[in-house]
file start_11.cif (mmCIF, C-alpha atoms)
data_model
loop_
_atom_site.label_atom_id
_atom_site.label_comp_id
_atom_site.auth_asym_id
_atom_site.auth_seq_id
_atom_site.Cartn_x
_atom_site.Cartn_y
_atom_site.Cartn_z
CA MET I 8 114.12 -69.60 11.36
CA ALA I 9 112.70 -71.67 8.50
CA VAL I 10 109.78 -73.93 9.41
CA ALA I 11 108.14 -76.77 7.51
CA LEU I 12 105.26 -78.95 8.63
CA PHE I 13 105.46 -82.50 7.36
CA ALA I 14 102.13 -84.26 7.48
CA GLY I 15 102.99 -86.13 4.31
CA CYS I 16 104.49 -85.72 0.88
CA GLN I 17 104.27 -87.67 -2.37
CA THR I 18 107.36 -89.32 -3.82
CA GLY I 19 107.23 -91.39 -6.96
CA GLY I 20 104.47 -94.00 -6.97
CA ASP I 21 104.65 -94.67 -3.23
CA ASP I 22 101.98 -93.36 -0.90
CA PRO I 23 103.99 -92.18 2.12
CA MET I 24 100.78 -91.81 4.14
CA ARG I 25 99.74 -95.46 3.77
CA GLY I 26 98.96 -96.69 7.26
CA ALA I 27 98.54 -93.19 8.70
CA PRO I 28 95.91 -92.96 11.45
CA GLN I 29 92.69 -91.05 10.82
CA PRO I 30 91.89 -87.93 12.84
CA THR I 31 90.13 -88.85 16.07
CA GLU I 32 87.21 -87.35 17.93
CA SER I 33 86.56 -87.39 21.67
CA ALA I 34 84.01 -85.68 23.88
CA LEU I 35 86.21 -82.56 24.10
CA PHE I 36 88.23 -82.41 20.89
CA THR I 37 88.33 -83.27 17.20
CA THR I 38 91.76 -83.57 15.59
CA GLU I 39 92.06 -81.21 12.63
CA ARG I 40 95.70 -81.82 11.63
CA THR I 41 98.81 -83.57 12.85
CA GLY I 42 102.39 -83.85 11.74
CA PHE I 43 105.97 -83.15 12.66
CA GLN I 44 107.27 -79.62 12.39
CA ILE I 45 110.85 -79.19 11.20
CA ALA I 46 112.51 -75.86 11.95
CA TYR I 47 116.01 -74.80 10.93
CA ALA I 48 117.71 -71.98 12.77
CA GLN I 49 119.97 -69.76 10.66
CA ASP I 50 123.15 -70.83 12.45
CA THR I 51 122.72 -74.61 12.59
CA THR I 52 122.63 -77.54 10.22
CA GLN I 53 120.57 -79.72 12.58
CA PRO I 54 116.82 -79.06 12.64
CA GLU I 55 114.52 -78.95 15.61
CA ILE I 56 111.70 -81.45 15.13
CA ARG I 57 108.49 -81.29 17.13
CA TYR I 58 105.12 -82.96 17.26
CA TRP I 59 102.44 -80.58 15.96
CA LEU I 60 98.67 -81.03 16.49
CA ARG I 61 95.71 -78.77 15.89
CA LEU I 62 92.52 -79.66 17.78
CA SER I 63 89.12 -78.01 17.63
CA LEU I 64 86.95 -77.93 20.73
CA ASN I 65 83.67 -79.82 20.33
CA GLN I 66 81.94 -77.66 22.91
CA PRO I 67 82.71 -74.21 24.23
CA ILE I 68 84.56 -74.15 27.51
CA GLU I 69 83.49 -71.50 29.99
CA ARG I 70 86.53 -71.79 32.25
CA PRO I 71 90.21 -72.36 31.63
CA MET I 72 91.47 -75.93 31.56
CA ILE I 73 94.85 -77.57 31.95
CA LEU I 74 96.07 -80.09 29.39
CA ARG I 75 98.59 -82.76 30.31
CA ILE I 76 100.05 -83.96 27.02
CA THR I 77 102.01 -87.20 26.83
CA PHE I 78 104.04 -87.67 23.64
CA GLN I 79 105.53 -91.03 22.74
CA ASN I 80 109.30 -90.69 22.87
CA PRO I 81 110.65 -92.05 19.54
CA ARG I 82 114.00 -92.82 21.14
CA ASN I 83 112.56 -94.62 24.16
CA PRO I 84 108.81 -95.45 24.30
CA ASN I 85 109.22 -96.31 28.01
CA MET I 86 110.14 -92.68 28.78
CA PRO I 87 107.36 -90.50 27.30
CA LEU I 88 107.67 -86.74 27.01
CA VAL I 89 105.10 -84.96 29.20
CA GLN I 90 104.17 -81.30 29.25
CA GLN I 91 101.30 -79.15 30.52
CA GLU I 92 99.49 -76.29 28.83
CA ARG I 93 96.75 -73.97 29.97
CA VAL I 94 93.81 -73.41 27.62
CA GLU I 95 91.81 -70.26 28.12
CA ALA I 96 88.02 -70.19 28.03
CA ARG I 97 86.01 -69.54 24.85
CA ILE I 98 88.65 -70.43 22.27
CA PRO I 99 87.66 -72.51 19.22
CA SER I 100 90.87 -74.52 18.76
CA VAL I 101 94.18 -75.49 20.36
CA THR I 102 97.58 -75.90 18.73
CA ILE I 103 100.00 -78.18 20.54
CA GLN I 104 103.73 -78.49 19.95
CA SER I 105 106.15 -80.73 21.79
CA GLU I 106 109.65 -79.92 22.88
CA PRO I 107 112.25 -80.92 20.26
CA ILE I 108 112.44 -84.67 19.63
CA TRP I 109 114.72 -87.00 17.71
CA GLY I 110 114.68 -90.61 16.60
CA LEU I 111 111.62 -90.67 14.29
CA GLN I 112 111.39 -93.50 11.78
CA ARG I 113 109.60 -93.14 8.47
CA GLY I 114 106.34 -95.07 8.30
CA GLU I 115 105.86 -95.25 12.08
CA THR I 116 102.92 -93.89 14.06
CA TYR I 117 103.65 -92.18 17.38
CA GLU I 118 100.97 -91.78 20.03
CA VAL I 119 99.86 -88.61 21.79
CA LEU I 120 97.56 -88.63 24.83
CA ILE I 121 95.87 -85.40 25.89
CA GLU I 122 94.25 -85.34 29.33
CA ALA I 123 92.11 -82.30 30.19
CA PHE I 124 91.52 -81.07 33.75
CA ASP I 125 89.74 -78.09 35.22
CA THR I 126 91.82 -75.71 37.31
CA THR I 127 90.94 -77.62 40.51
CA GLY I 128 92.29 -80.91 39.11
CA ASN I 129 89.03 -82.63 38.12
CA ARG I 130 89.41 -84.70 34.95
CA LEU I 131 87.29 -83.40 32.07
CA GLY I 132 88.24 -86.01 29.49
CA THR I 133 90.96 -87.53 27.34
CA HIS I 134 91.86 -87.48 23.65
CA ARG I 135 94.23 -89.85 21.83
CA GLN I 136 95.78 -89.31 18.43
CA GLY I 137 98.42 -91.12 16.44
CA VAL I 138 100.89 -88.97 14.50
CA PHE I 139 102.40 -90.55 11.40
CA SER I 140 106.01 -89.88 10.40
CA THR I 141 106.99 -89.52 6.76
CA ILE I 142 110.53 -88.58 7.77
CA ASP I 143 113.41 -90.49 9.29
CA THR I 144 115.48 -88.73 11.92
CA SER I 145 117.10 -91.81 13.35
CA LEU I 146 120.23 -90.90 11.37
CA PRO I 147 122.19 -87.77 12.34
CA ASN I 148 122.31 -84.62 10.25
CA LEU I 149 118.93 -84.64 8.51
CA GLY I 150 119.69 -82.65 5.39
CA ARG I 151 117.98 -79.46 4.33
CA GLY I 152 115.84 -79.50 1.25
#

call {"tool": "encode", "arguments": {"input": "start_11.cif", "output": "structure tokens"}}
result
Amino acid sequence: MAVALFAGCQTGGDDPMRGAPQPTESALFTTERTGFQIAYAQDTTQPEIRYWLRLSLNQPIERPMILRITFQNPRNPNMPLVQQERVEARIPSVTIQSEPIWGLQRGETYEVLIEAFDTTGNRLGTHRQGVFSTIDTSLPNLGRG
């Protein structure tokens, strides 16, 4: 499977990252990188596209925590994509990927909300980050290259 991470690319004199949100910092996390990951399987012409975020922890965690991650759905903002992940204690950073998505528009920012809970359900904090798209997947059959 071929994988590419698109956080931005330069074309001509345009700055495709103009308007991109800055990395954010919250009590728990600092955003290191964001983008959309494009992966092509060997037997398909359509890629899988996913949100991709790398967050560093601002303080060591001594116990596991549960993250509830809400991704803006590019096709329907009223129906966000929600998933949960467990983060083990004493790790320095977290990489988050969404399930495959479709419907991105070039130049748009899509929101991600990360809510952290301890294993008993107590809220530890939240982190918000916009992810900027330099690609357009609103049209079918995004070409390789």

call {"tool": "closest_residue", "arguments": {"input": "start_11.cif", "among": "I:Leu111, I:Ile45, I:Leu35, I:Ala123", "to": "Phe139 of chain I", "atoms": "all atoms listed in the file"}}
result
I:Leu111

call {"tool": "resolve_selection", "arguments": {"input": "start_11.cif", "expression": "the PyMOL selection byres ((chain I and resi 95) around 9)", "output": "count of residues only"}}
result
11

call {"tool": "axis_aligned_box", "arguments": {"input": "start_11.cif", "around": "segment 54-68 of chain I", "padding_each_side": "5 Å", "output": "lines of an AutoDock Vina configuration file"}}
result
center_x = 99.4
center_y = -78.6
center_z = 20.1
size_x = 44.9
size_y = 18.8
size_z = 24.9

call {"tool": "residues_around", "arguments": {"input": "start_11.cif", "residues": "segment 99-108 of chain I", "least_positions_apart": "3", "cutoff": "10 Å", "atoms": "only C-alpha atoms", "output": "PyMOL selection string"}}
result
chain I and resi 36-46+54-68+74+76-82+88-90+92+94-96+111+121+144

call {"tool": "atom_distance", "arguments": {"input": "start_11.cif", "atom1": "atom CA of Trp109 of chain I", "atom2": "atom CA of Ala48 of chain I"}}
result
16.1 Å

call {"tool": "atom_distance", "arguments": {"input": "start_11.cif", "atom1": "atom CA of Pro28 of chain I", "atom2": "atom CA of Val119 of chain I"}}
result
11.9 Å
